Amino acid sequence: MGNTKSSALSKELLEELKSNTKYTEAELCTWYQSFLKECPSGRISKQQFEGIYASFFPDADPTAYARHVFRSFDTNADGTLDFKEYIVALHLTSGGKTLQKLEWAFGLYDVDGNGTISKNEIQEIVRSIFNMIPADAQKKLPEDENTPEKRAEKIWAFFGKKENDKISEGEFIQGVMDNKDILRLIQYDEPQKIKDKLKEKKQ
């Protein structure tokens, strides 16, 4: 009998996830079962997470980006994601509210976690995004954003910052909300094939 509790979601966690995400109780319970199958320890390691990401990008190298995404969701910085962190990650990256998504994006770009974003941090994330864009797709990008450096420069110029300035969370969120073009530049738009893969997994 000792095992029954560990394979079921606690009522408190279920309620919390239902109120903070768009998922139903049935979806959460199903995901919890498959989560435990994949991760019997109840936690996803950074390596496992990178492996999941890699399976979505057979033609590119998502390792650096996956590492940043993992860091941004590992809220207690213990080097693993538990089920709650994993579901919040899924919710935010697939359909969270714009404000929540932007708060997450700020955390993604704030590489050292000091509460502000520097130009170097923008370059680092943009570079990891470029690693995931196949070379032929990179050739089709507009001239002023077809390299990580150019794209980072464009973002930085939009915020009107000098070389060594910093962007605060409030400035970042307001700036992106005021300009949809910047939203496009700061994120990696998941290609259709990822969405299709996720749909296949759900069925």
# chains A, B, ... in the order shown; residues from 1 in each chain; ligands from 1
call {"tool": "select_by_dssp", "arguments": {"residues": "segment 35-173 of chain A", "states": "strand (DSSP E)", "output": "list in words"}}
result
Arg43, Ile44, Ser45, Thr80, Leu81, Asp82, Thr116, Ile117, Ile167 and Ser168 of chain A
call {"tool": "residues_around", "arguments": {"residues": "Asp78 of chain A", "least_positions_apart": "4", "cutoff": "12 Å", "atoms": "only C-alpha atoms", "output": "list of chain:residue names"}}
result
A:Arg43, A:Ile44, A:Ser45, A:Lys46, A:Phe70, A:Arg71, A:Ser72, A:Phe73, A:Asp74, A:Asp82, A:Glu85
call {"tool": "closest_atom_pairs", "arguments": {"of": "segment 146-179 of chain A", "to": "segment 116-130 of chain A", "cutoff": "9 Å", "atoms": "only C-alpha atoms", "output": "Markdown table"}}
result
| residue | atom | partner | partner_atom | distance |
| --- | --- | --- | --- | --- |
| A:Thr147 | CA | A:Phe130 | CA | 7.7 |
| A:Pro148 | CA | A:Arg127 | CA | 5.2 |
| A:Glu149 | CA | A:Gln123 | CA | 6.6 |
| A:Arg151 | CA | A:Val126 | CA | 7.3 |
| A:Ala152 | CA | A:Gln123 | CA | 5.4 |
| A:Glu153 | CA | A:Gln123 | CA | 8.3 |
| A:Ile155 | CA | A:Ile122 | CA | 8.2 |
| A:Trp156 | CA | A:Lys119 | CA | 6.8 |
| A:Lys161 | CA | A:Lys119 | CA | 8.9 |
| A:Glu163 | CA | A:Lys119 | CA | 7.0 |
| A:Asn164 | CA | A:Ser118 | CA | 7.2 |
| A:Asp165 | CA | A:Ser118 | CA | 6.7 |
| A:Lys166 | CA | A:Ser118 | CA | 4.9 |
| A:Ile167 | CA | A:Ile117 | CA | 5.0 |
| A:Ser168 | CA | A:Thr116 | CA | 4.8 |
| A:Glu169 | CA | A:Thr116 | CA | 6.5 |
| A:Phe172 | CA | A:Ile117 | CA | 8.7 |
call {"tool": "atom_distance", "arguments": {"atom1": "atom CA of Ala77 of chain A", "atom2": "atom CA of Tyr65 of chain A"}}
result
17.1 Å
call {"tool": "closest_atom_pairs", "arguments": {"of": "segment 75-117 of chain A", "to": "segment 183-188 of chain A", "cutoff": "12 Å", "atoms": "only C-alpha atoms", "output": "JSON lines"}}
result
{"residue": "A:Thr93", "atom": "CA", "partner": "A:Gln187", "partner_atom": "CA", "distance": 10.4}
{"residue": "A:Thr98", "atom": "CA", "partner": "A:Leu183", "partner_atom": "CA", "distance": 10.3}
{"residue": "A:Leu99", "atom": "CA", "partner": "A:Leu183", "partner_atom": "CA", "distance": 11.9}
{"residue": "A:Lys101", "atom": "CA", "partner": "A:Gln187", "partner_atom": "CA", "distance": 10.4}
{"residue": "A:Leu102", "atom": "CA", "partner": "A:Leu183", "partner_atom": "CA", "distance": 8.9}
{"residue": "A:Trp104", "atom": "CA", "partner": "A:Gln187", "partner_atom": "CA", "distance": 11.1}
{"residue": "A:Ala105", "atom": "CA", "partner": "A:Gln187", "partner_atom": "CA", "distance": 7.9}
{"residue": "A:Phe106", "atom": "CA", "partner": "A:Ile186", "partner_atom": "CA", "distance": 9.8}
{"residue": "A:Leu108", "atom": "CA", "partner": "A:Gln187", "partner_atom": "CA", "distance": 10.1}
{"residue": "A:Tyr109", "atom": "CA", "partner": "A:Ile186", "partner_atom": "CA", "distance": 9.0}
call {"tool": "write_last_selection", "arguments": {"atoms": "all heavy atoms", "output": "JSON list (two decimals), in the first residue's frame"}}
result
[["chain", "number", "residue", "atom", "x", "y", "z"],
["A", 93, "THR", "N", 4.98, 28.59, -21.26],
["A", 93, "THR", "CA", 5.54, 28.63, -22.60],
["A", 93, "THR", "C", 4.50, 28.29, -23.66],
["A", 93, "THR", "O", 4.68, 28.59, -24.82],
["A", 93, "THR", "CB", 6.74, 27.66, -22.74],
["A", 93, "THR", "OG1", 6.33, 26.37, -22.26],
["A", 93, "THR", "CG2", 7.92, 28.14, -21.96],
["A", 98, "THR", "N", 0.02, 37.07, -21.19],
["A", 98, "THR", "CA", 1.16, 37.83, -21.73],
["A", 98, "THR", "C", 2.06, 38.34, -20.61],
["A", 98, "THR", "O", 3.28, 38.21, -20.68],
["A", 98, "THR", "CB", 0.66, 39.02, -22.57],
["A", 98, "THR", "OG1", -0.20, 38.49, -23.57],
["A", 98, "THR", "CG2", 1.81, 39.72, -23.25],
["A", 99, "LEU", "N", 1.46, 38.89, -19.56],
["A", 99, "LEU", "CA", 2.28, 39.45, -18.48],
["A", 99, "LEU", "C", 3.14, 38.36, -17.83],
["A", 99, "LEU", "O", 4.33, 38.54, -17.61],
["A", 99, "LEU", "CB", 1.40, 40.14, -17.44],
["A", 99, "LEU", "CG", 2.17, 40.78, -16.28],
["A", 99, "LEU", "CD1", 3.12, 41.88, -16.79],
["A", 99, "LEU", "CD2", 1.23, 41.35, -15.23],
["A", 101, "LYS", "N", 4.09, 35.59, -19.18],
["A", 101, "LYS", "CA", 5.10, 35.18, -20.16],
["A", 101, "LYS", "C", 6.26, 36.16, -20.17],
["A", 101, "LYS", "O", 7.42, 35.77, -20.28],
["A", 101, "LYS", "CB", 4.49, 35.13, -21.56],
["A", 101, "LYS", "CG", 3.89, 33.80, -21.92],
["A", 101, "LYS", "CD", 3.53, 33.80, -23.39],
["A", 101, "LYS", "CE", 3.24, 32.39, -23.84],
["A", 101, "LYS", "NZ", 2.60, 32.34, -25.13],
["A", 102, "LEU", "N", 5.95, 37.45, -20.06],
["A", 102, "LEU", "CA", 7.01, 38.46, -20.10],
["A", 102, "LEU", "C", 7.84, 38.43, -18.82],
["A", 102, "LEU", "O", 9.04, 38.65, -18.85],
["A", 102, "LEU", "CB", 6.43, 39.85, -20.36],
["A", 102, "LEU", "CG", 5.85, 40.04, -21.77],
["A", 102, "LEU", "CD1", 5.25, 41.42, -21.92],
["A", 102, "LEU", "CD2", 6.91, 39.80, -22.84],
["A", 104, "TRP", "N", 8.41, 35.75, -17.20],
["A", 104, "TRP", "CA", 9.28, 34.59, -17.41],
["A", 104, "TRP", "C", 10.41, 34.95, -18.37],
["A", 104, "TRP", "O", 11.57, 34.60, -18.14],
["A", 104, "TRP", "CB", 8.48, 33.40, -17.95],
["A", 104, "TRP", "CG", 9.40, 32.33, -18.43],
["A", 104, "TRP", "CD1", 10.22, 31.56, -17.66],
["A", 104, "TRP", "CD2", 9.69, 31.98, -19.79],
["A", 104, "TRP", "NE1", 10.97, 30.73, -18.47],
["A", 104, "TRP", "CE2", 10.67, 30.98, -19.76],
["A", 104, "TRP", "CE3", 9.19, 32.42, -21.02],
["A", 104, "TRP", "CZ2", 11.17, 30.39, -20.92],
["A", 104, "TRP", "CZ3", 9.70, 31.83, -22.18],
["A", 104, "TRP", "CH2", 10.67, 30.84, -22.12],
["A", 105, "ALA", "N", 10.07, 35.65, -19.47],
["A", 105, "ALA", "CA", 11.10, 36.02, -20.46],
["A", 105, "ALA", "C", 12.17, 36.88, -19.80],
["A", 105, "ALA", "O", 13.36, 36.72, -20.07],
["A", 105, "ALA", "CB", 10.47, 36.77, -21.63],
["A", 106, "PHE", "N", 11.75, 37.77, -18.91],
["A", 106, "PHE", "CA", 12.73, 38.60, -18.20],
["A", 106, "PHE", "C", 13.68, 37.70, -17.40],
["A", 106, "PHE", "O", 14.90, 37.87, -17.44],
["A", 106, "PHE", "CB", 12.04, 39.61, -17.27],
["A", 106, "PHE", "CG", 13.03, 40.47, -16.52],
["A", 106, "PHE", "CD1", 13.57, 41.60, -17.11],
["A", 106, "PHE", "CD2", 13.45, 40.13, -15.24],
["A", 106, "PHE", "CE1", 14.51, 42.38, -16.44],
["A", 106, "PHE", "CE2", 14.39, 40.90, -14.56],
["A", 106, "PHE", "CZ", 14.91, 42.03, -15.17],
["A", 108, "LEU", "N", 14.41, 34.67, -18.01],
["A", 108, "LEU", "CA", 15.25, 33.93, -18.96],
["A", 108, "LEU", "C", 16.46, 34.78, -19.36],
["A", 108, "LEU", "O", 17.59, 34.30, -19.40],
["A", 108, "LEU", "CB", 14.42, 33.59, -20.20],
["A", 108, "LEU", "CG", 15.11, 32.79, -21.30],
["A", 108, "LEU", "CD1", 15.33, 31.35, -20.86],
["A", 108, "LEU", "CD2", 14.29, 32.81, -22.59],
["A", 109, "TYR", "N", 16.22, 36.06, -19.64],
["A", 109, "TYR", "CA", 17.30, 36.95, -20.09],
["A", 109, "TYR", "C", 18.19, 37.41, -18.93],
["A", 109, "TYR", "O", 19.33, 37.78, -19.16],
["A", 109, "TYR", "CB", 16.71, 38.18, -20.81],
["A", 109, "TYR", "CG", 16.46, 37.90, -22.28],
["A", 109, "TYR", "CD1", 15.28, 37.31, -22.69],
["A", 109, "TYR", "CD2", 17.41, 38.21, -23.25],
["A", 109, "TYR", "CE1", 15.04, 37.03, -24.04],
["A", 109, "TYR", "CE2", 17.19, 37.94, -24.59],
["A", 109, "TYR", "CZ", 16.00, 37.35, -24.98],
["A", 109, "TYR", "OH", 15.78, 37.07, -26.30]]
call {"tool": "residues_around", "arguments": {"residues": "Gly175 of chain A", "least_positions_apart": "5", "cutoff": "9 Å", "atoms": "only C-alpha atoms", "output": "mmCIF file with N, CA and C atoms, in the first residue's frame"}}
result
data_model
loop_
_atom_site.group_PDB
_atom_site.id
_atom_site.type_symbol
_atom_site.label_atom_id
_atom_site.label_comp_id
_atom_site.auth_asym_id
_atom_site.auth_seq_id
_atom_site.Cartn_x
_atom_site.Cartn_y
_atom_site.Cartn_z
ATOM 1 N N PHE A 158 16.353 49.476 -29.338
ATOM 2 C CA PHE A 158 14.937 49.761 -29.101
ATOM 3 C C PHE A 158 14.723 50.311 -27.692
ATOM 4 N N PHE A 159 15.433 49.735 -26.728
ATOM 5 C CA PHE A 159 15.270 50.200 -25.344
ATOM 6 C C PHE A 159 16.016 51.512 -25.088
ATOM 7 N N GLY A 170 10.537 46.107 -15.040
ATOM 8 C CA GLY A 170 9.433 46.983 -15.439
ATOM 9 C C GLY A 170 9.632 47.559 -16.837
ATOM 10 N N ILE A 182 9.404 43.775 -30.953
ATOM 11 C CA ILE A 182 10.423 43.363 -29.982
ATOM 12 C C ILE A 182 10.055 41.992 -29.409
#
call {"tool": "closest_residue", "arguments": {"among": "A:Trp31, A:Glu103, A:Gly51, A:Glu143", "to": "Gln174 of chain A", "atoms": "only C-alpha atoms"}}
result
A:Glu103
call {"tool": "select_by_dssp", "arguments": {"residues": "segment 7-203 of chain A", "states": "helix (DSSP H, G or I)", "output": "number ranges by chain"}}
result
A: 7, 11-20, 25-38, 46-56, 63-73, 83-95, 98-109, 119-130, 135-139, 143-145, 148-158, 169-178, 180-186, 192-202
call {"tool": "closest_residue", "arguments": {"among": "A:Leu13, A:Lys150, A:Pro58, A:Glu27", "to": "Phe83 of chain A", "atoms": "only C-alpha atoms"}}
result
A:Leu13
call {"tool": "residues_around", "arguments": {"residues": "Ala135 of chain A", "least_positions_apart": "3", "cutoff": "12 Å", "atoms": "only C-alpha atoms", "output": "number ranges by chain"}}
result
A: 59-61, 130-132, 138-141, 146-147
call {"tool": "atom_distance", "arguments": {"atom1": "atom CA of Pro134 of chain A", "atom2": "atom CA of Leu90 of chain A"}}
result
24.0 Å
call {"tool": "decode", "arguments": {"residues": "segment 16-52 of chain A", "atoms": "N, CA and C atoms", "output": "JSON list (two decimals), in the first residue's frame"}}
result
[["chain", "number", "residue", "atom", "x", "y", "z"],
["A", 16, "GLU", "N", -3.75, 24.03, -6.38],
["A", 16, "GLU", "CA", -2.86, 25.15, -6.71],
["A", 16, "GLU", "C", -2.61, 25.22, -8.22],
["A", 17, "LEU", "N", -2.34, 24.07, -8.84],
["A", 17, "LEU", "CA", -2.06, 24.05, -10.27],
["A", 17, "LEU", "C", -3.31, 24.36, -11.09],
["A", 18, "LYS", "N", -4.47, 23.91, -10.60],
["A", 18, "LYS", "CA", -5.71, 24.21, -11.32],
["A", 18, "LYS", "C", -5.99, 25.72, -11.31],
["A", 19, "SER", "N", -5.70, 26.37, -10.18],
["A", 19, "SER", "CA", -6.00, 27.80, -10.13],
["A", 19, "SER", "C", -4.94, 28.65, -10.82],
["A", 20, "ASN", "N", -3.72, 28.13, -10.97],
["A", 20, "ASN", "CA", -2.64, 28.93, -11.59],
["A", 20, "ASN", "C", -2.37, 28.62, -13.05],
["A", 21, "THR", "N", -3.01, 27.58, -13.57],
["A", 21, "THR", "CA", -2.80, 27.24, -14.98],
["A", 21, "THR", "C", -4.17, 27.02, -15.62],
["A", 22, "LYS", "N", -4.14, 26.73, -16.93],
["A", 22, "LYS", "CA", -5.41, 26.54, -17.64],
["A", 22, "LYS", "C", -5.79, 25.06, -17.70],
["A", 23, "TYR", "N", -5.06, 24.20, -16.99],
["A", 23, "TYR", "CA", -5.29, 22.76, -17.13],
["A", 23, "TYR", "C", -6.39, 22.25, -16.20],
["A", 24, "THR", "N", -7.07, 21.19, -16.66],
["A", 24, "THR", "CA", -8.13, 20.58, -15.86],
["A", 24, "THR", "C", -7.53, 19.54, -14.92],
["A", 25, "GLU", "N", -8.34, 19.11, -13.98],
["A", 25, "GLU", "CA", -7.89, 18.08, -13.04],
["A", 25, "GLU", "C", -7.51, 16.80, -13.78],
["A", 26, "ALA", "N", -8.33, 16.43, -14.77],
["A", 26, "ALA", "CA", -8.06, 15.19, -15.52],
["A", 26, "ALA", "C", -6.72, 15.29, -16.26],
["A", 27, "GLU", "N", -6.47, 16.46, -16.89],
["A", 27, "GLU", "CA", -5.20, 16.64, -17.62],
["A", 27, "GLU", "C", -4.02, 16.56, -16.65],
["A", 28, "LEU", "N", -4.15, 17.23, -15.53],
["A", 28, "LEU", "CA", -3.04, 17.25, -14.56],
["A", 28, "LEU", "C", -2.74, 15.84, -14.04],
["A", 29, "CYS", "N", -3.79, 15.08, -13.76],
["A", 29, "CYS", "CA", -3.58, 13.71, -13.25],
["A", 29, "CYS", "C", -2.92, 12.82, -14.31],
["A", 30, "THR", "N", -3.37, 12.96, -15.56],
["A", 30, "THR", "CA", -2.77, 12.17, -16.65],
["A", 30, "THR", "C", -1.30, 12.53, -16.81],
["A", 31, "TRP", "N", -1.01, 13.84, -16.81],
["A", 31, "TRP", "CA", 0.38, 14.28, -16.97],
["A", 31, "TRP", "C", 1.25, 13.81, -15.82],
["A", 32, "TYR", "N", 0.66, 13.80, -14.63],
["A", 32, "TYR", "CA", 1.44, 13.37, -13.47],
["A", 32, "TYR", "C", 1.86, 11.91, -13.62],
["A", 33, "GLN", "N", 0.93, 11.07, -14.11],
["A", 33, "GLN", "CA", 1.26, 9.66, -14.33],
["A", 33, "GLN", "C", 2.40, 9.50, -15.34],
["A", 34, "SER", "N", 2.30, 10.25, -16.47],
["A", 34, "SER", "CA", 3.36, 10.10, -17.48],
["A", 34, "SER", "C", 4.67, 10.73, -16.99],
["A", 35, "PHE", "N", 4.55, 11.78, -16.18],
["A", 35, "PHE", "CA", 5.74, 12.42, -15.60],
["A", 35, "PHE", "C", 6.49, 11.40, -14.73],
["A", 36, "LEU", "N", 5.73, 10.67, -13.91],
["A", 36, "LEU", "CA", 6.36, 9.67, -13.02],
["A", 36, "LEU", "C", 6.96, 8.51, -13.81],
["A", 37, "LYS", "N", 6.34, 8.19, -14.94],
["A", 37, "LYS", "CA", 6.89, 7.12, -15.79],
["A", 37, "LYS", "C", 8.26, 7.53, -16.32],
["A", 38, "GLU", "N", 8.31, 8.77, -16.83],
["A", 38, "GLU", "CA", 9.57, 9.30, -17.40],
["A", 38, "GLU", "C", 10.59, 9.55, -16.30],
["A", 39, "CYS", "N", 10.12, 10.04, -15.17],
["A", 39, "CYS", "CA", 11.01, 10.45, -14.08],
["A", 39, "CYS", "C", 10.54, 9.82, -12.77],
["A", 40, "PRO", "N", 10.89, 8.55, -12.55],
["A", 40, "PRO", "CA", 10.41, 7.85, -11.35],
["A", 40, "PRO", "C", 10.77, 8.56, -10.05],
["A", 41, "SER", "N", 11.85, 9.36, -10.08],
["A", 41, "SER", "CA", 12.26, 10.06, -8.86],
["A", 41, "SER", "C", 11.33, 11.24, -8.56],
["A", 42, "GLY", "N", 10.47, 11.58, -9.56],
["A", 42, "GLY", "CA", 9.60, 12.74, -9.37],
["A", 42, "GLY", "C", 10.27, 14.06, -9.72],
["A", 43, "ARG", "N", 11.48, 13.96, -10.29],
["A", 43, "ARG", "CA", 12.20, 15.18, -10.67],
["A", 43, "ARG", "C", 12.86, 15.01, -12.03],
["A", 44, "ILE", "N", 12.93, 16.09, -12.79],
["A", 44, "ILE", "CA", 13.62, 16.07, -14.08],
["A", 44, "ILE", "C", 14.97, 16.75, -13.89],
["A", 45, "SER", "N", 16.04, 16.06, -14.30],
["A", 45, "SER", "CA", 17.37, 16.67, -14.20],
["A", 45, "SER", "C", 17.59, 17.59, -15.40],
["A", 46, "LYS", "N", 18.60, 18.41, -15.31],
["A", 46, "LYS", "CA", 18.94, 19.30, -16.42],
["A", 46, "LYS", "C", 19.23, 18.49, -17.68],
["A", 47, "GLN", "N", 19.93, 17.35, -17.52],
["A", 47, "GLN", "CA", 20.27, 16.51, -18.67],
["A", 47, "GLN", "C", 19.01, 15.95, -19.34],
["A", 48, "GLN", "N", 18.07, 15.49, -18.50],
["A", 48, "GLN", "CA", 16.82, 14.95, -19.06],
["A", 48, "GLN", "C", 16.06, 16.04, -19.82],
["A", 49, "PHE", "N", 16.05, 17.23, -19.23],
["A", 49, "PHE", "CA", 15.34, 18.35, -19.84],
["A", 49, "PHE", "C", 15.98, 18.70, -21.19],
["A", 50, "GLU", "N", 17.31, 18.72, -21.22],
["A", 50, "GLU", "CA", 18.01, 19.02, -22.47],
["A", 50, "GLU", "C", 17.71, 17.93, -23.51],
["A", 51, "GLY", "N", 17.58, 16.69, -23.04],
["A", 51, "GLY", "CA", 17.27, 15.58, -23.94],
["A", 51, "GLY", "C", 15.88, 15.75, -24.56],
["A", 52, "ILE", "N", 14.91, 16.19, -23.74],
["A", 52, "ILE", "CA", 13.55, 16.42, -24.24],
["A", 52, "ILE", "C", 13.60, 17.50, -25.32]]
